[in-house]
Structures are given as structure tokens and as C-alpha cells.
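The data block below is query.tsv; it holds TSV, C-alpha atoms.
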```tsv
chain	number	residue	atom	x	y	z
T	6	MET	CA	111.24	-32.39	32.99
T	7	ILE	CA	109.18	-30.62	30.40
T	8	PRO	CA	106.76	-28.14	32.00
T	9	SER	CA	103.15	-28.95	31.29
T	10	GLY	CA	100.36	-26.49	30.69
T	11	GLN	CA	96.63	-26.83	30.67
T	12	THR	CA	94.81	-26.34	27.41
T	13	GLN	CA	93.31	-22.86	27.27
T	14	PRO	CA	89.54	-22.53	27.65
T	15	GLN	CA	87.65	-22.98	24.42
T	16	LYS	CA	86.00	-19.80	23.17
T	17	THR	CA	85.13	-21.16	19.73
T	18	THR	CA	84.99	-24.62	18.24
T	19	ALA	CA	88.76	-24.42	17.53
T	20	LYS	CA	91.00	-26.36	19.90
T	21	TYR	CA	94.05	-24.65	21.36
T	22	ARG	CA	97.18	-26.67	21.86
T	23	SER	CA	98.84	-26.48	25.23
T	24	GLN	CA	102.53	-25.57	25.42
T	25	PHE	CA	103.18	-29.16	26.48
T	26	ARG	CA	101.41	-30.49	23.39
T	27	ILE	CA	103.40	-28.16	21.12
T	28	TYR	CA	106.67	-29.41	22.68
T	29	VAL	CA	105.59	-33.00	22.05
T	30	ASP	CA	104.54	-32.21	18.46
T	31	ILE	CA	107.94	-30.62	17.73
T	32	MET	CA	109.81	-33.57	19.22
T	33	HIS	CA	107.57	-35.99	17.34
T	34	VAL	CA	108.44	-34.29	14.01
T	35	ILE	CA	112.17	-34.49	14.84
T	36	GLN	CA	111.83	-38.19	15.64
T	37	ARG	CA	109.83	-38.81	12.47
T	38	GLU	CA	112.62	-37.22	10.40
T	39	ASN	CA	115.06	-39.90	11.62
T	40	ASN	CA	116.20	-37.61	14.42
T	41	GLU	CA	117.65	-35.02	12.03
T	42	ALA	CA	115.13	-32.30	11.24
T	43	LYS	CA	115.60	-28.94	9.57
T	44	PRO	CA	113.63	-25.98	10.97
T	45	THR	CA	111.40	-25.83	7.87
T	46	ARG	CA	110.31	-29.45	8.31
T	47	ILE	CA	109.53	-28.84	11.98
T	48	LEU	CA	107.66	-25.64	11.11
T	49	TYR	CA	105.33	-27.44	8.70
T	50	GLY	CA	105.15	-30.66	10.67
T	51	ALA	CA	104.26	-28.98	13.96
T	52	ASN	CA	102.12	-26.31	12.28
T	53	LEU	CA	103.83	-23.30	13.86
T	54	SER	CA	104.76	-19.79	12.76
T	55	HIS	CA	108.48	-19.03	12.38
T	56	ASP	CA	108.66	-16.82	15.48
T	57	ARG	CA	106.91	-19.34	17.70
T	58	LEU	CA	109.03	-22.17	16.33
T	59	ILE	CA	112.27	-20.34	17.23
T	60	LYS	CA	110.91	-19.60	20.73
T	61	TYR	CA	109.91	-23.22	21.37
T	62	LEU	CA	113.15	-24.64	19.93
T	63	GLU	CA	115.16	-22.41	22.29
T	64	GLU	CA	113.01	-23.58	25.23
T	65	LEU	CA	113.45	-27.25	24.30
T	66	LYS	CA	117.22	-26.75	23.96
T	67	ALA	CA	117.31	-25.13	27.40
T	68	LEU	CA	115.43	-28.15	28.79
T	69	GLY	CA	118.08	-30.41	27.29
T	70	VAL	CA	115.68	-32.56	25.26
T	71	ILE	CA	116.86	-31.41	21.81
T	72	GLN	CA	120.21	-30.29	20.45
T	73	GLU	CA	121.22	-28.08	17.52
T	74	THR	CA	124.02	-28.92	15.12
T	75	GLY	CA	125.28	-27.18	11.96
T	76	ILE	CA	126.12	-23.51	11.44
T	77	ASP	CA	124.51	-22.41	8.17
T	78	ASP	CA	121.98	-25.25	7.87
T	79	LYS	CA	120.70	-25.90	11.38
T	80	ILE	CA	119.71	-29.46	12.18
T	81	TYR	CA	117.77	-30.45	15.31
T	82	SER	CA	117.90	-33.84	16.96
T	83	LEU	CA	116.61	-35.37	20.19
T	84	THR	CA	119.07	-35.88	23.03
T	85	GLN	CA	119.03	-39.11	25.09
T	86	LYS	CA	116.83	-37.27	27.61
T	87	GLY	CA	114.48	-36.30	24.78
T	88	VAL	CA	114.27	-39.88	23.48
T	89	GLU	CA	113.47	-41.14	26.99
T	90	PHE	CA	110.82	-38.45	27.39
T	91	MET	CA	109.16	-39.43	24.10
T	92	ASN	CA	109.19	-43.12	25.10
T	93	ASN	CA	107.49	-42.26	28.40
T	94	PHE	CA	105.05	-39.94	26.66
T	95	ARG	CA	104.01	-42.67	24.22
T	96	LYS	CA	103.22	-45.02	27.11
T	97	VAL	CA	101.20	-42.35	28.90
T	98	GLU	CA	99.37	-41.38	25.70
T	99	SER	CA	98.56	-45.02	25.00
T	100	PHE	CA	97.29	-45.49	28.58
T	101	ALA	CA	95.15	-42.34	28.53
T	102	SER	CA	93.80	-43.17	25.08
T	103	ALA	CA	92.72	-46.64	26.29
T	104	PHE	CA	90.37	-44.86	28.73
T	105	GLY	CA	89.32	-42.33	26.08
T	106	PHE	CA	91.22	-39.38	27.57
T	107	ASN	CA	93.18	-37.00	25.36
T	108	ILE	CA	96.46	-35.50	26.50
Y	10	MET	CA	90.39	-62.19	45.06
Y	11	GLU	CA	90.11	-58.73	46.66
Y	12	PHE	CA	93.87	-58.61	47.23
Y	13	ILE	CA	94.64	-59.39	43.57
Y	14	ALA	CA	92.16	-56.73	42.47
Y	15	PHE	CA	93.71	-54.30	45.00
Y	16	VAL	CA	97.21	-54.75	43.52
Y	17	ILE	CA	95.90	-54.21	39.96
Y	18	ALA	CA	93.89	-51.12	41.01
Y	19	ILE	CA	96.99	-49.59	42.64
Y	20	ALA	CA	99.06	-50.39	39.52
Y	21	VAL	CA	96.49	-48.56	37.35
Y	22	ALA	CA	96.50	-45.63	39.84
Y	23	TYR	CA	100.30	-45.47	39.68
Y	24	GLN	CA	100.29	-45.42	35.87
Y	25	ALA	CA	97.70	-42.62	35.91
Y	26	LEU	CA	99.83	-40.66	38.41
Y	27	LYS	CA	102.89	-41.05	36.18
Y	28	GLY	CA	100.82	-39.72	33.28
Y	29	TYR	CA	99.57	-36.78	35.35
Y	30	ARG	CA	103.11	-35.88	36.46
Y	31	LEU	CA	104.25	-35.89	32.84
Y	32	SER	CA	101.34	-34.06	31.22
Y	33	LYS	CA	99.51	-32.29	34.10
Y	34	GLU	CA	96.28	-33.45	32.45
Y	35	ARG	CA	93.60	-33.32	35.12
Y	36	THR	CA	91.57	-36.25	33.80
Y	37	LEU	CA	94.57	-38.48	34.64
Y	38	LEU	CA	94.57	-37.13	38.19
Y	39	TYR	CA	90.89	-38.02	38.53
Y	40	LEU	CA	91.67	-41.47	37.13
Y	41	ASN	CA	94.47	-41.83	39.69
Y	42	LEU	CA	92.24	-40.78	42.62
Y	43	SER	CA	89.47	-43.04	41.38
Y	44	PHE	CA	91.68	-46.15	41.32
Y	45	VAL	CA	93.28	-45.25	44.67
Y	46	LEU	CA	89.76	-45.22	46.15
Y	47	ILE	CA	88.86	-48.51	44.44
Y	48	GLY	CA	92.09	-50.07	45.72
Y	49	ALA	CA	91.59	-48.77	49.25
Y	50	GLY	CA	88.02	-50.08	49.32
Y	51	LEU	CA	89.10	-53.51	48.10
Y	52	LEU	CA	91.91	-53.66	50.67
Y	53	VAL	CA	89.58	-52.77	53.55
Y	54	ASP	CA	87.00	-55.30	52.32
Y	55	GLY	CA	89.64	-58.01	51.91
Y	56	LEU	CA	91.12	-57.35	55.36
Y	57	SER	CA	87.72	-57.32	57.06
Y	58	ASN	CA	86.84	-60.64	55.39
Y	59	LEU	CA	90.17	-62.06	56.58
Y	60	ILE	CA	89.57	-60.86	60.14
Y	61	VAL	CA	86.09	-62.41	60.13
Y	62	LEU	CA	87.56	-65.67	58.81
Y	63	LEU	CA	90.27	-65.77	61.49
Y	64	ALA	CA	87.98	-64.73	64.35
Y	65	ARG	CA	85.14	-67.05	63.45
Y	66	GLY	CA	82.29	-66.83	65.91
Y	67	GLN	CA	83.93	-64.05	67.93
Y	68	ARG	CA	81.76	-61.19	69.14
Y	69	GLY	CA	82.03	-58.17	66.85
Y	70	SER	CA	83.10	-60.08	63.73
Y	71	LEU	CA	79.79	-59.32	62.04
Y	72	PHE	CA	80.35	-55.63	62.76
Y	73	VAL	CA	83.85	-55.79	61.19
Y	74	PHE	CA	82.40	-57.58	58.15
Y	75	SER	CA	79.65	-55.02	57.57
Y	76	LEU	CA	82.03	-52.11	58.26
Y	77	GLY	CA	84.50	-53.39	55.63
Y	78	TYR	CA	81.67	-53.96	53.18
Y	79	THR	CA	80.28	-50.44	53.73
Y	80	ILE	CA	83.70	-48.75	53.42
Y	81	ASN	CA	84.40	-50.65	50.20
Y	82	PHE	CA	80.98	-49.76	48.86
Y	83	LEU	CA	81.35	-46.04	49.66
Y	84	ALA	CA	84.89	-45.97	48.21
Y	85	GLN	CA	83.59	-47.51	44.98
Y	86	LEU	CA	80.66	-45.12	44.86
Y	87	LEU	CA	83.05	-42.15	45.14
Y	88	ALA	CA	85.54	-43.71	42.72
Y	89	TYR	CA	83.04	-44.39	39.94
Y	90	GLY	CA	81.41	-41.00	40.57
Y	91	LEU	CA	84.85	-39.46	40.07
Y	92	LEU	CA	85.34	-41.40	36.83
Y	93	VAL	CA	81.99	-40.15	35.53
Y	94	PHE	CA	83.15	-36.66	36.57
Y	95	ALA	CA	86.38	-37.17	34.58
Y	96	TYR	CA	84.47	-38.11	31.42
Y	97	LEU	CA	82.09	-35.20	31.82
Y	98	TYR	CA	85.00	-32.87	32.64
Y	99	GLN	CA	86.61	-33.82	29.35
Y	100	THR	CA	83.49	-32.83	27.43
Y	101	ARG	CA	83.12	-29.77	29.71
Y	102	SER	CA	79.45	-30.39	30.51
Y	103	MET	CA	79.86	-28.97	33.98
Y	104	GLY	CA	76.18	-28.67	34.93
Y	105	THR	CA	75.66	-32.40	34.68
Y	106	THR	CA	79.08	-32.96	36.23
Y	107	ILE	CA	78.19	-31.17	39.46
Y	108	ALA	CA	74.84	-32.95	39.66
Y	109	LEU	CA	76.44	-36.39	39.17
Y	110	ALA	CA	79.41	-35.68	41.41
Y	111	ALA	CA	76.98	-34.98	44.25
Y	112	VAL	CA	75.29	-38.38	43.86
Y	113	PRO	CA	77.86	-40.52	45.72
Y	114	VAL	CA	77.85	-38.40	48.87
Y	115	MET	CA	74.07	-38.59	49.19
Y	116	PHE	CA	74.17	-42.15	50.46
Y	117	VAL	CA	75.96	-43.49	53.47
Y	118	GLU	CA	74.71	-47.05	53.70
Y	119	ARG	CA	74.63	-49.97	51.34
Y	120	ASN	CA	71.22	-51.05	50.09
Y	121	ALA	CA	69.63	-52.19	46.83
Y	122	PHE	CA	68.91	-48.62	45.73
Y	123	THR	CA	72.46	-47.36	46.26
Y	124	GLU	CA	73.83	-50.52	44.61
Y	125	LEU	CA	71.69	-49.60	41.61
Y	126	ILE	CA	73.36	-46.18	41.53
Y	127	LEU	CA	76.75	-47.92	41.48
Y	128	VAL	CA	75.55	-50.03	38.54
Y	129	PHE	CA	74.29	-46.88	36.83
Y	130	LEU	CA	77.67	-45.14	37.25
Y	131	LEU	CA	79.54	-48.19	35.95
Y	132	VAL	CA	77.21	-48.54	32.96
Y	133	TYR	CA	77.90	-44.88	32.15
Y	134	VAL	CA	81.69	-45.43	32.33
Y	135	ALA	CA	81.41	-48.67	30.31
Y	136	THR	CA	79.38	-46.82	27.66
Y	137	GLN	CA	82.02	-44.08	27.44
Y	138	THR	CA	84.79	-46.66	27.05
Y	139	ALA	CA	82.70	-48.53	24.43
Y	140	MET	CA	82.31	-45.29	22.46
Y	141	ASN	CA	86.07	-44.74	22.77
Y	142	TYR	CA	86.68	-48.25	21.41
Y	143	SER	CA	84.27	-47.68	18.52
Y	144	VAL	CA	86.32	-44.61	17.55
Y	145	ASN	CA	89.86	-45.89	18.25
Y	146	LYS	CA	89.42	-49.58	17.42
Y	147	ASN	CA	92.52	-50.56	19.36
Y	148	VAL	CA	93.08	-53.51	21.70
Y	149	ASN	CA	93.84	-51.38	24.78
Y	150	ALA	CA	90.56	-49.47	24.43
Y	151	PHE	CA	88.74	-52.82	24.06
Y	152	LEU	CA	90.38	-54.18	27.23
Y	153	VAL	CA	89.32	-51.10	29.23
Y	154	PHE	CA	85.77	-51.39	27.89
Y	155	GLY	CA	85.75	-55.10	28.76
Y	156	ALA	CA	87.01	-54.31	32.26
Y	157	PHE	CA	84.27	-51.78	33.04
Y	158	ALA	CA	81.60	-53.96	31.41
Y	159	SER	CA	82.73	-56.85	33.65
Y	160	LEU	CA	82.68	-54.61	36.74
Y	161	ALA	CA	79.17	-53.44	35.84
Y	162	ILE	CA	78.05	-57.08	35.46
Y	163	ALA	CA	79.74	-57.92	38.78
Y	164	HIS	CA	77.68	-55.26	40.55
Y	165	VAL	CA	74.47	-56.48	38.91
Y	166	PHE	CA	75.39	-59.91	40.34
Y	167	PHE	CA	76.06	-58.33	43.77
Y	168	LEU	CA	72.57	-56.86	43.55
Y	169	LEU	CA	71.02	-60.20	42.58
Y	170	TYR	CA	72.92	-62.10	45.26
Y	171	THR	CA	70.54	-60.75	47.93
Y	172	LEU	CA	67.84	-62.83	46.18
Y	173	ILE	CA	69.88	-65.78	44.82
Y	174	PRO	CA	73.08	-66.70	46.75
Y	175	ILE	CA	74.80	-68.32	43.71
Y	176	PHE	CA	75.38	-64.83	42.30
Y	177	PHE	CA	77.88	-64.01	45.08
Y	178	PRO	CA	80.80	-66.11	43.72
Y	179	LEU	CA	79.82	-65.17	40.17
Y	180	ALA	CA	80.05	-61.49	41.12
Y	181	HIS	CA	83.54	-61.99	42.54
Y	182	ILE	CA	84.66	-63.86	39.42
Y	183	ALA	CA	83.30	-61.10	37.15
Y	184	GLN	CA	85.02	-58.47	39.31
Y	185	LEU	CA	88.35	-60.30	39.19
Y	186	PHE	CA	88.01	-60.79	35.42
Y	187	GLY	CA	87.49	-57.03	35.02
Y	188	PHE	CA	90.67	-56.25	36.96
Y	189	LEU	CA	92.63	-58.88	35.01
Y	190	LEU	CA	91.60	-57.14	31.78
Y	191	LEU	CA	92.96	-53.88	33.23
Y	192	LEU	CA	96.20	-55.69	34.08
Y	193	ALA	CA	96.45	-56.95	30.48
Y	194	MET	CA	96.02	-53.36	29.25
Y	195	LEU	CA	98.73	-52.13	31.65
Y	196	LEU	CA	101.16	-54.80	30.47
Y	197	ARG	CA	100.50	-53.92	26.83
Y	198	VAL	CA	100.96	-50.18	27.45
Y	199	ASN	CA	104.27	-50.76	29.25
Y	200	GLN	CA	105.76	-53.03	26.60
Y	201	PRO	CA	109.25	-51.81	25.62
Y	202	VAL	CA	109.20	-49.59	22.51
```
Could you quickly redo this structure as C-alpha cells?
Amino acid sequence: MIPSGQTQPQKTTAKYRSQFRIYVDIMHVIQRENNEAKPTRILYGANLSHDRLIKYLEELKALGVIQETGIDDKIYSLTQKGVEFMNNFRKVESFASAFGFNI
Amino acid sequence: MEFIAFVIAIAVAYQALKGYRLSKERTLLYLNLSFVLIGAGLLVDGLSNLIVLLARGQRGSLFVFSLGYTINFLAQLLAYGLLVFAYLYQTRSMGTTIALAAVPVMFVERNAFTELILVFLLVYVATQTAMNYSVNKNVNAFLVFGAFASLAIAHVFFLLYTLIPIFFPLAHIAQLFGFLLLLAMLLRVNQPV
């Protein structure tokens, strides 16, 4: 399953996203784009730099939760495992949010 | 009533554990431990009441009753202390966290003063969940707030029952109602997407 990381300590008022949260944000953007997202859409949607986006997309592919199609115009979509993960994540997020906890 | 509440508490603990495994978010681990403690306390209390009921008049039944009551009380004190810790942990106010986390271990026996501390802890948790509801305005947040408000009321009734016996059944009804609200939240959260 997707490795989770703790949010880094806050040094300023800015909040740092954990690696886990970035994975979820990327997968959320892909899902929002009807499960066919171009890298540019993910880049803006998940608010990432190009280098970091490529790194995270490779990691998510290695985890088997997203897949890449197309040669010139790359398209990313969630695999069945990715869809199941997002369904579970939504339930957990809804549960935590009911208690006022952020994940 | 204790056994129904026990099953619901364990279901909430299981959901929190699932969330912790997925996200590794520590607040969910604290929530899990808290509801495991609540469930364990309720189970011990329920079993001790059952033993007393079955062995009516037998020597030692009063000891079993008070032992179950004390274990349940201490488990709840630790559990709600842990929940307060979780809310404070989230806001990272560690000084207060350490001070409040130490409160539950300072008392080993049930009395009116320690029951008041339990009420205080529950009122704190209910206030946090009320603030969460005022921000989120969703039904699940309202159900959690309602649950902790009911549990706080139940413990006020437990406190009053030492003076007026009618508050004893009312306390149990309020406690059960609180757990039923948590069950409703769990069912809503686990609805198929």
C-alpha cells in the first residue's frame, strides 16, 4: 500500500504536505479529470513543480496505483488498486474529519 | 446497555485503526487507543454487573461490582485524557498536553472529584467537536458532537446519581444514546461510494 509520511514540523505558518498527502492529491486530480489526466493538469491541480511531479508519478506507477498510456502525449489514469485506495481514503478522511482531525 | 456500547466503541476503534494504517496519522492512533480503552472499560463493567446479577447475595459480589466500576472509570479517564491529548497534539500545544495527559494517572479511585475531572475532559472534547461542526457543517461532525455531548451529560447524571437515584438509569440512557450517535456516524462514513 502507499507509504505514509508524517507532516514535517512547522517552522513558519506555512503547512508542509506529507508525501502521503501529495500522492493523494495527485490521484485526486486524476480522478477529477475523469481518470484521464495529462501531466500539465496534474501539475497545476496538485500544485507541484515539474521535477517533483515526475518523481511522484514514477513512484505511484511503481506502487501500481496509476498507469501511463500514450507515447507523445502521456495520459495518467488510476488502476483498479488506485480506485480502491481512493475509496478507502475517502472513508478514512470522512471519519477523521467527523472528529475534527486532518489527514 | 454496556455490551451494546462496547460493540460500538470497538467498531469506532477499528475504523480509527484502519485510518491509521492507511495514513499513519498519529491522531487516529490516539483515537483508536482511546476507544479501545472505552470499550475495555465497558466490557469489564458489563461483565462485573452480570456476575453480580448471577451471584446475587454471594460473598464477594460487592467487591466484583466495585472492581468493575473502578476499572471502567479508570479506563474512561485514560481514554478521554488521550482524546484531549489528541486534540492538543493536533494544535501542537505540547505544554498543556503534558499537563493534561498527567491528570488521569493522578487518581486511582472513583469519587465525586475524579468524576468531575471526567466531566471536564468530556466537555473539552465535546467543545472541540462542536467547533469542528461549526467549521465543517456536515452531518457526521454533528453526530460526533452529539455523541460526546451525550456522554458528558451521562457523566453529569452519574455524578448526580449519588444524590438522586433516578439519575442512574438516565445516565445509562444518555450514554447509550451517545454511542448510538457514533454508530450512525460510522454507518454513514462506510456507505458505498
Shell around segment 181-194 of chain Y at 12 Å using all atoms listed in the file, local window under 2 positions removed, as a PDB file with C-alpha atoms, in the coordinates of the input:
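The result, written out as result-v9.pdb:
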```pdb
ATOM      1  CA  LYS T  96     103.220 -45.020  27.110  1.00  0.00           C
ATOM      2  CA  SER T  99      98.560 -45.020  25.000  1.00  0.00           C
ATOM      3  CA  PHE T 100      97.290 -45.490  28.580  1.00  0.00           C
ATOM      4  CA  ALA T 101      95.150 -42.340  28.530  1.00  0.00           C
ATOM      5  CA  SER T 102      93.800 -43.170  25.080  1.00  0.00           C
ATOM      6  CA  ALA T 103      92.720 -46.640  26.290  1.00  0.00           C
ATOM      7  CA  PHE T 104      90.370 -44.860  28.730  1.00  0.00           C
TER       8      PHE T 104
ATOM      9  CA  MET Y  10      90.390 -62.190  45.060  1.00  0.00           C
ATOM     10  CA  GLU Y  11      90.110 -58.730  46.660  1.00  0.00           C
ATOM     11  CA  PHE Y  12      93.870 -58.610  47.230  1.00  0.00           C
ATOM     12  CA  ILE Y  13      94.640 -59.390  43.570  1.00  0.00           C
ATOM     13  CA  ALA Y  14      92.160 -56.730  42.470  1.00  0.00           C
ATOM     14  CA  PHE Y  15      93.710 -54.300  45.000  1.00  0.00           C
ATOM     15  CA  VAL Y  16      97.210 -54.750  43.520  1.00  0.00           C
ATOM     16  CA  ILE Y  17      95.900 -54.210  39.960  1.00  0.00           C
ATOM     17  CA  ALA Y  18      93.890 -51.120  41.010  1.00  0.00           C
ATOM     18  CA  ILE Y  19      96.990 -49.590  42.640  1.00  0.00           C
ATOM     19  CA  ALA Y  20      99.060 -50.390  39.520  1.00  0.00           C
ATOM     20  CA  VAL Y  21      96.490 -48.560  37.350  1.00  0.00           C
ATOM     21  CA  ALA Y  22      96.500 -45.630  39.840  1.00  0.00           C
ATOM     22  CA  GLN Y  24     100.290 -45.420  35.870  1.00  0.00           C
ATOM     23  CA  PHE Y  44      91.680 -46.150  41.320  1.00  0.00           C
ATOM     24  CA  ILE Y  47      88.860 -48.510  44.440  1.00  0.00           C
ATOM     25  CA  GLY Y  48      92.090 -50.070  45.720  1.00  0.00           C
ATOM     26  CA  LEU Y  51      89.100 -53.510  48.100  1.00  0.00           C
ATOM     27  CA  GLY Y  55      89.640 -58.010  51.910  1.00  0.00           C
ATOM     28  CA  LEU Y 131      79.540 -48.190  35.950  1.00  0.00           C
ATOM     29  CA  ALA Y 135      81.410 -48.670  30.310  1.00  0.00           C
ATOM     30  CA  ASN Y 147      92.520 -50.560  19.360  1.00  0.00           C
ATOM     31  CA  VAL Y 148      93.080 -53.510  21.700  1.00  0.00           C
ATOM     32  CA  ASN Y 149      93.840 -51.380  24.780  1.00  0.00           C
ATOM     33  CA  ALA Y 150      90.560 -49.470  24.430  1.00  0.00           C
ATOM     34  CA  PHE Y 151      88.740 -52.820  24.060  1.00  0.00           C
ATOM     35  CA  LEU Y 152      90.380 -54.180  27.230  1.00  0.00           C
ATOM     36  CA  VAL Y 153      89.320 -51.100  29.230  1.00  0.00           C
ATOM     37  CA  PHE Y 154      85.770 -51.390  27.890  1.00  0.00           C
ATOM     38  CA  GLY Y 155      85.750 -55.100  28.760  1.00  0.00           C
ATOM     39  CA  ALA Y 156      87.010 -54.310  32.260  1.00  0.00           C
ATOM     40  CA  PHE Y 157      84.270 -51.780  33.040  1.00  0.00           C
ATOM     41  CA  ALA Y 158      81.600 -53.960  31.410  1.00  0.00           C
ATOM     42  CA  SER Y 159      82.730 -56.850  33.650  1.00  0.00           C
ATOM     43  CA  LEU Y 160      82.680 -54.610  36.740  1.00  0.00           C
ATOM     44  CA  ALA Y 161      79.170 -53.440  35.840  1.00  0.00           C
ATOM     45  CA  ILE Y 162      78.050 -57.080  35.460  1.00  0.00           C
ATOM     46  CA  ALA Y 163      79.740 -57.920  38.780  1.00  0.00           C
ATOM     47  CA  HIS Y 164      77.680 -55.260  40.550  1.00  0.00           C
ATOM     48  CA  VAL Y 165      74.470 -56.480  38.910  1.00  0.00           C
ATOM     49  CA  PHE Y 166      75.390 -59.910  40.340  1.00  0.00           C
ATOM     50  CA  PHE Y 167      76.060 -58.330  43.770  1.00  0.00           C
ATOM     51  CA  TYR Y 170      72.920 -62.100  45.260  1.00  0.00           C
ATOM     52  CA  ILE Y 175      74.800 -68.320  43.710  1.00  0.00           C
ATOM     53  CA  PHE Y 176      75.380 -64.830  42.300  1.00  0.00           C
ATOM     54  CA  PHE Y 177      77.880 -64.010  45.080  1.00  0.00           C
ATOM     55  CA  PRO Y 178      80.800 -66.110  43.720  1.00  0.00           C
ATOM     56  CA  LEU Y 179      79.820 -65.170  40.170  1.00  0.00           C
ATOM     57  CA  LEU Y 196     101.160 -54.800  30.470  1.00  0.00           C
ATOM     58  CA  ARG Y 197     100.500 -53.920  26.830  1.00  0.00           C
ATOM     59  CA  VAL Y 198     100.960 -50.180  27.450  1.00  0.00           C
ATOM     60  CA  ASN Y 199     104.270 -50.760  29.250  1.00  0.00           C
ATOM     61  CA  GLN Y 200     105.760 -53.030  26.600  1.00  0.00           C
TER      62      GLN Y 200
END
```
Residues near Gly50 of chain T, anyone? I mean within 12 Å using all atoms listed in the file, not counting same-chain ones fewer than 6 positions away, as a PyMOL selection string.
chain T and resi 27+29-38+42-44+58
Chain Y proximity check over T:Gly105, T:Gly75, T:Gly69, T:Gly87, using only C-alpha atoms: winner is T:Gly105
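Closest approach to chain Y among T:Ile76, T:Ala67, T:Val97, T:Leu53: T:Val97, based on only C-alpha atoms.
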I need the residue nearest chain T from this list: Y:Ala84, Y:Val134, Y:Leu169, Y:Leu62. Use only C-alpha atoms for the distance.
Y:Val134
Between Y:Ser70, Y:Ser75, Y:Thr171, Y:Thr100, which has the minimum distance to chain T (counting only C-alpha atoms)?
Y:Thr100
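The gap separating atom CA of Thr123 of chain Y from atom CA of Val93 of chain Y is 16.1 Å, in Å to one decimal.
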Residues within 9 Å of (102.0, -37.9, 32.4), counting all atoms listed in the file, listed as an mmCIF file with C-alpha atoms, keeping the file's coordinate frame:
```
data_model
loop_
_atom_site.group_PDB
_atom_site.id
_atom_site.type_symbol
_atom_site.label_atom_id
_atom_site.label_comp_id
_atom_site.auth_asym_id
_atom_site.auth_seq_id
_atom_site.Cartn_x
_atom_site.Cartn_y
_atom_site.Cartn_z
ATOM 1 C CA ASN T 93 107.490 -42.260 28.400
ATOM 2 C CA PHE T 94 105.050 -39.940 26.660
ATOM 3 C CA LYS T 96 103.220 -45.020 27.110
ATOM 4 C CA VAL T 97 101.200 -42.350 28.900
ATOM 5 C CA GLU T 98 99.370 -41.380 25.700
ATOM 6 C CA ILE T 108 96.460 -35.500 26.500
ATOM 7 C CA GLN Y 24 100.290 -45.420 35.870
ATOM 8 C CA ALA Y 25 97.700 -42.620 35.910
ATOM 9 C CA LEU Y 26 99.830 -40.660 38.410
ATOM 10 C CA LYS Y 27 102.890 -41.050 36.180
ATOM 11 C CA GLY Y 28 100.820 -39.720 33.280
ATOM 12 C CA TYR Y 29 99.570 -36.780 35.350
ATOM 13 C CA ARG Y 30 103.110 -35.880 36.460
ATOM 14 C CA LEU Y 31 104.250 -35.890 32.840
ATOM 15 C CA SER Y 32 101.340 -34.060 31.220
ATOM 16 C CA LYS Y 33 99.510 -32.290 34.100
ATOM 17 C CA GLU Y 34 96.280 -33.450 32.450
ATOM 18 C CA LEU Y 37 94.570 -38.480 34.640
#
```
With only C-alpha atoms as the atoms that count, which of Y:Leu91, Y:Val61, Y:Val53, Y:Met140 lies nearest to chain T?
Y:Met140
Rounded to one decimal place, report the atom CA of Gly77 of chain Y-atom CA of Gln137 of chain Y distance in Å.
29.8 Å
Could you state the separation of atom CA of Thr138 of chain Y and atom CA of Tyr23 of chain Y in Å, given to one decimal place?
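Atom CA of Tyr23 of chain Y lies 20.0 Å from atom CA of Thr138 of chain Y.
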Quick one: residues within 12 Å of Asn81 of chain Y, all atoms listed in the file counted, chain neighbours fewer than 5 positions away excluded, as a ChimeraX atom specification?
/Y:11,15,45-58,74-76,86-88,117-119,124,127
C-alpha atoms of segment 39-71 of chain T, written as a PDB file, in the first residue's frame:
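What landed in selection.pdb:
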```pdb
ATOM      1  CA  ASN T  39     -12.452  11.525 -15.492  1.00  0.00           C
ATOM      2  CA  ASN T  40      -9.497   9.220 -14.879  1.00  0.00           C
ATOM      3  CA  GLU T  41      -7.535  10.557 -17.862  1.00  0.00           C
ATOM      4  CA  ALA T  42      -5.181  13.341 -16.830  1.00  0.00           C
ATOM      5  CA  LYS T  43      -2.325  14.958 -18.717  1.00  0.00           C
ATOM      6  CA  PRO T  44       0.819  15.840 -16.732  1.00  0.00           C
ATOM      7  CA  THR T  45       0.127  19.585 -17.038  1.00  0.00           C
ATOM      8  CA  ARG T  46      -3.313  19.216 -15.438  1.00  0.00           C
ATOM      9  CA  ILE T  47      -1.832  17.184 -12.589  1.00  0.00           C
ATOM     10  CA  LEU T  48       0.988  19.696 -12.168  1.00  0.00           C
ATOM     11  CA  TYR T  49      -1.432  22.605 -11.689  1.00  0.00           C
ATOM     12  CA  GLY T  50      -4.070  20.602  -9.854  1.00  0.00           C
ATOM     13  CA  ALA T  51      -1.656  19.136  -7.316  1.00  0.00           C
ATOM     14  CA  ASN T  52       0.450  22.317  -7.129  1.00  0.00           C
ATOM     15  CA  LEU T  53       3.811  20.679  -7.830  1.00  0.00           C
ATOM     16  CA  SER T  54       6.966  21.613  -9.717  1.00  0.00           C
ATOM     17  CA  HIS T  55       7.726  19.620 -12.883  1.00  0.00           C
ATOM     18  CA  ASP T  56      10.645  17.705 -11.350  1.00  0.00           C
ATOM     19  CA  ARG T  57       8.695  16.697  -8.260  1.00  0.00           C
ATOM     20  CA  LEU T  58       5.690  15.725 -10.349  1.00  0.00           C
ATOM     21  CA  ILE T  59       7.786  13.342 -12.483  1.00  0.00           C
ATOM     22  CA  LYS T  60       9.325  11.831  -9.330  1.00  0.00           C
ATOM     23  CA  TYR T  61       5.945  11.257  -7.659  1.00  0.00           C
ATOM     24  CA  LEU T  62       4.322   9.898 -10.836  1.00  0.00           C
ATOM     25  CA  GLU T  63       7.131   7.339 -11.159  1.00  0.00           C
ATOM     26  CA  GLU T  64       6.664   6.346  -7.501  1.00  0.00           C
ATOM     27  CA  LEU T  65       2.891   5.974  -7.918  1.00  0.00           C
ATOM     28  CA  LYS T  66       3.418   3.875 -11.061  1.00  0.00           C
ATOM     29  CA  ALA T  67       5.845   1.638  -9.162  1.00  0.00           C
ATOM     30  CA  LEU T  68       3.200   1.215  -6.433  1.00  0.00           C
ATOM     31  CA  GLY T  69       0.731   0.118  -9.091  1.00  0.00           C
ATOM     32  CA  VAL T  70      -1.937   2.711  -8.274  1.00  0.00           C
ATOM     33  CA  ILE T  71      -1.637   4.697 -11.526  1.00  0.00           C
TER      34      ILE T  71
END
```
